[in-house]
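Q: Here it is: the structure, laid out below.
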Amino acid sequence: MVIQPMTEEIAKRIQTWQYEEPYSLYSLKGDPDVFSELMNGSYVFVEDNDALIGYFCFGSSAQVPAGHEVNAYSDPMLDLGLGLHPKHTGKGIGLRFVQAGLDYTYKTYGQKNVRLSVASFNKRAKKVYERAGFSYLRSFTKTNKKSSTTFEIMVKRYEVE
């Protein structure tokens with residue numbers, strides 16, 4: 001897998017990804033705010049065999065804003081966010097994808113403990129994260145007028161090999 005800084009062309013392609021229910025909350029709409037977010041310097045894209053398969057983001061871009069209301073991100077850790085192309089989800093490449101992202105994270109940001117946020121209903125992703133060495137830390141709920149979603153904070157402590 002090859003990981004590179006986000007480009008405008010790739011950001012526009014990622015904005016078209018549409019996930020099936022119940023994963024639709026991960027779909028990125030093609031609005032200018034989302035495009036600006038993808039281009040803010042904290043996103044990278046991932047290719048495998050010259051095909052775009054996903055992206056990673058770091059720092060505050062990887063955090064769910066509602067988590068700040070309950071201090072879910074108060075511990076000093078590096079936040080990691082990710083998105084696997086919808087056509088590749090459930091196909092058995094998730095662990096290899098996450099491990100490539102962790103390798104990139106450690107090479108780029110150093111030996112850090114890593115934290116991620118995942119929707120509680122996303123059992124498929126949580127299983128991959130656990131296999132990659134993440135463990136549950138805490139939960140919080142994001143509520144809006146239409147619905148509420150519980151998110152789980154998972155952490156992976158850096159291990160010296």
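Please note that chains go A, B, ... in the order of the structure tokens, that every chain numbers its residues from 1, and that ligands are numbered from 1 in the order shown.
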Taking only residues of segment 82-117 of chain A that have an atom at most 12 Å from an atom of segment 127-136 of chain A, what is each one's shortest atom pair and its distance in Å to one decimal, using only C-alpha atoms, in chain and number order, as a Markdown table?

A:
| residue | atom | partner | partner_atom | distance |
| --- | --- | --- | --- | --- |
| A:Leu82 | CA | A:Tyr129 | CA | 11.3 |
| A:Thr89 | CA | A:Val128 | CA | 11.1 |
| A:Gly90 | CA | A:Val128 | CA | 10.3 |
| A:Lys91 | CA | A:Val128 | CA | 11.7 |
| A:Gly92 | CA | A:Val128 | CA | 9.3 |
| A:Ile93 | CA | A:Val128 | CA | 9.4 |
| A:Gly94 | CA | A:Val128 | CA | 6.3 |
| A:Leu95 | CA | A:Val128 | CA | 5.5 |
| A:Arg96 | CA | A:Ala132 | CA | 8.9 |
| A:Phe97 | CA | A:Val128 | CA | 9.7 |
| A:Val98 | CA | A:Ala132 | CA | 7.1 |
| A:Gln99 | CA | A:Ala132 | CA | 6.7 |
| A:Ala100 | CA | A:Ala132 | CA | 10.5 |
| A:Gly101 | CA | A:Ala132 | CA | 10.6 |
| A:Leu102 | CA | A:Ala132 | CA | 9.0 |
| A:Asp103 | CA | A:Ala132 | CA | 11.3 |
| A:Asn113 | CA | A:Phe134 | CA | 10.1 |
| A:Val114 | CA | A:Phe134 | CA | 8.5 |
| A:Arg115 | CA | A:Phe134 | CA | 8.2 |
| A:Leu116 | CA | A:Phe134 | CA | 8.7 |
| A:Ser117 | CA | A:Tyr136 | CA | 9.8 |

Q: Looking only at the backbone, which of the residues in segment 22-89 of chain A does DSSP tag as strand (DSSP E or B), as a PDB file with N, CA and C atoms, in the first residue's frame?

A:
ATOM      1  N   TYR A  43      -4.800  15.048   5.996  1.00  0.00           N
ATOM      2  CA  TYR A  43      -5.300  13.860   5.302  1.00  0.00           C
ATOM      3  C   TYR A  43      -4.268  13.326   4.316  1.00  0.00           C
ATOM      4  N   VAL A  44      -4.222  12.009   4.212  1.00  0.00           N
ATOM      5  CA  VAL A  44      -3.423  11.309   3.212  1.00  0.00           C
ATOM      6  C   VAL A  44      -4.334  10.285   2.536  1.00  0.00           C
ATOM      7  N   PHE A  45      -3.975   9.892   1.333  1.00  0.00           N
ATOM      8  CA  PHE A  45      -4.768   8.858   0.665  1.00  0.00           C
ATOM      9  C   PHE A  45      -3.932   7.611   0.484  1.00  0.00           C
ATOM     10  N   VAL A  46      -4.632   6.493   0.281  1.00  0.00           N
ATOM     11  CA  VAL A  46      -3.978   5.182   0.201  1.00  0.00           C
ATOM     12  C   VAL A  46      -4.354   4.523  -1.117  1.00  0.00           C
ATOM     13  N   GLU A  47      -3.316   4.072  -1.816  1.00  0.00           N
ATOM     14  CA  GLU A  47      -3.522   3.300  -3.037  1.00  0.00           C
ATOM     15  C   GLU A  47      -2.955   1.897  -2.835  1.00  0.00           C
ATOM     16  N   ASP A  48      -3.590   0.943  -3.462  1.00  0.00           N
ATOM     17  CA  ASP A  48      -3.116  -0.432  -3.470  1.00  0.00           C
ATOM     18  C   ASP A  48      -3.249  -0.923  -4.897  1.00  0.00           C
ATOM     19  N   ALA A  51      -4.870   1.547  -7.262  1.00  0.00           N
ATOM     20  CA  ALA A  51      -6.287   1.879  -7.079  1.00  0.00           C
ATOM     21  C   ALA A  51      -6.466   2.588  -5.740  1.00  0.00           C
ATOM     22  N   LEU A  52      -7.264   3.652  -5.731  1.00  0.00           N
ATOM     23  CA  LEU A  52      -7.583   4.377  -4.503  1.00  0.00           C
ATOM     24  C   LEU A  52      -8.440   3.477  -3.615  1.00  0.00           C
ATOM     25  N   ILE A  53      -7.937   3.183  -2.406  1.00  0.00           N
ATOM     26  CA  ILE A  53      -8.721   2.308  -1.524  1.00  0.00           C
ATOM     27  C   ILE A  53      -9.133   2.974  -0.217  1.00  0.00           C
ATOM     28  N   GLY A  54      -8.523   4.124   0.127  1.00  0.00           N
ATOM     29  CA  GLY A  54      -8.904   4.732   1.389  1.00  0.00           C
ATOM     30  C   GLY A  54      -8.112   5.966   1.719  1.00  0.00           C
ATOM     31  N   TYR A  55      -8.321   6.436   2.941  1.00  0.00           N
ATOM     32  CA  TYR A  55      -7.601   7.613   3.428  1.00  0.00           C
ATOM     33  C   TYR A  55      -7.420   7.503   4.940  1.00  0.00           C
ATOM     34  N   PHE A  56      -6.487   8.285   5.437  1.00  0.00           N
ATOM     35  CA  PHE A  56      -6.265   8.457   6.871  1.00  0.00           C
ATOM     36  C   PHE A  56      -6.219   9.946   7.158  1.00  0.00           C
ATOM     37  N   CYS A  57      -6.567  10.315   8.385  1.00  0.00           N
ATOM     38  CA  CYS A  57      -6.400  11.687   8.842  1.00  0.00           C
ATOM     39  C   CYS A  57      -5.894  11.650  10.270  1.00  0.00           C
ATOM     40  N   PHE A  58      -5.349  12.769  10.711  1.00  0.00           N
ATOM     41  CA  PHE A  58      -4.661  12.813  11.989  1.00  0.00           C
ATOM     42  C   PHE A  58      -5.066  14.050  12.780  1.00  0.00           C
ATOM     43  N   LEU A  78      -2.249  10.719  19.854  1.00  0.00           N
ATOM     44  CA  LEU A  78      -2.442  11.094  18.464  1.00  0.00           C
ATOM     45  C   LEU A  78      -3.734  10.454  17.974  1.00  0.00           C
ATOM     46  N   ASP A  79      -4.640  11.278  17.468  1.00  0.00           N
ATOM     47  CA  ASP A  79      -5.898  10.753  16.932  1.00  0.00           C
ATOM     48  C   ASP A  79      -5.714  10.344  15.478  1.00  0.00           C
ATOM     49  N   LEU A  80      -6.289   9.193  15.153  1.00  0.00           N
ATOM     50  CA  LEU A  80      -6.218   8.615  13.823  1.00  0.00           C
ATOM     51  C   LEU A  80      -7.635   8.403  13.326  1.00  0.00           C
ATOM     52  N   GLY A  81      -7.912   8.904  12.133  1.00  0.00           N
ATOM     53  CA  GLY A  81      -9.193   8.652  11.478  1.00  0.00           C
ATOM     54  C   GLY A  81      -8.921   7.922  10.177  1.00  0.00           C
ATOM     55  N   LEU A  82      -9.904   7.227   9.679  1.00  0.00           N
ATOM     56  CA  LEU A  82      -9.690   6.490   8.443  1.00  0.00           C
ATOM     57  C   LEU A  82     -10.989   6.225   7.735  1.00  0.00           C
ATOM     58  N   GLY A  83     -10.868   5.994   6.461  1.00  0.00           N
ATOM     59  CA  GLY A  83     -12.006   5.612   5.642  1.00  0.00           C
ATOM     60  C   GLY A  83     -11.545   4.650   4.569  1.00  0.00           C
ATOM     61  N   LEU A  84     -12.187   3.524   4.506  1.00  0.00           N
ATOM     62  CA  LEU A  84     -11.908   2.530   3.474  1.00  0.00           C
ATOM     63  C   LEU A  84     -12.989   2.677   2.404  1.00  0.00           C
TER      64      LEU A  84
END

Q: Tell me which of A:Ser74, A:Pro86, A:Ser42, A:Ser148 sits closest to Thr16 of chain A, counting only C-alpha atoms.

A: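 Closest residue, counting only C-alpha atoms: A:Pro86.
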
Q: Taking into account only C-alpha atoms, which residue in the set A:Ser61, A:Glu152, A:Thr108, A:Gln15 is nearest to Leu28 of chain A?

A: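 The closest residue to Leu28 of chain A is A:Gln15.
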
Q: Report as an NGL selection string: the residues of segment 20-140 of chain A with a DSSP assignment of alpha helix (DSSP H), based on the backbone of this structure.

A: :A and (32-38 or 94-109 or 123-131)

Q: Measuring between only C-alpha atoms, which one of A:Lys156, A:Pro22, A:His68, A:Thr7 shows the shortest distance to Met39 of chain A?

A: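 Among A:Lys156, A:Pro22, A:His68, A:Thr7, it is A:Thr7 that comes nearest to Met39 of chain A.
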
Q: Kindly give the distance, in Å, that separates atom CA of Pro65 of chain A and atom CA of Glu159 of chain A, rounded to a single decimal.

A: 28.5 Å

Q: Determine the nearest neighbour of Val155 of chain A from the options A:Thr141, A:Val70, A:Asp75, A:Phe121, counting only C-alpha atoms.

A: A:Asp75

Q: So, counting only C-alpha atoms, which residue among A:Lys123, A:Leu137, A:Gly59, A:Pro5 is closest to Pro76 of chain A?

A: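 Comparing A:Lys123, A:Leu137, A:Gly59, A:Pro5 against Pro76 of chain A, the winner is A:Gly59.
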
Q: Which of these, A:Trp17, A:Phe151, A:Tyr106, A:Tyr26, has the shortest distance to Lys126 of chain A once you count only C-alpha atoms?

A: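 Of A:Trp17, A:Phe151, A:Tyr106, A:Tyr26, the one nearest Lys126 of chain A, counting only C-alpha atoms, is A:Phe151.
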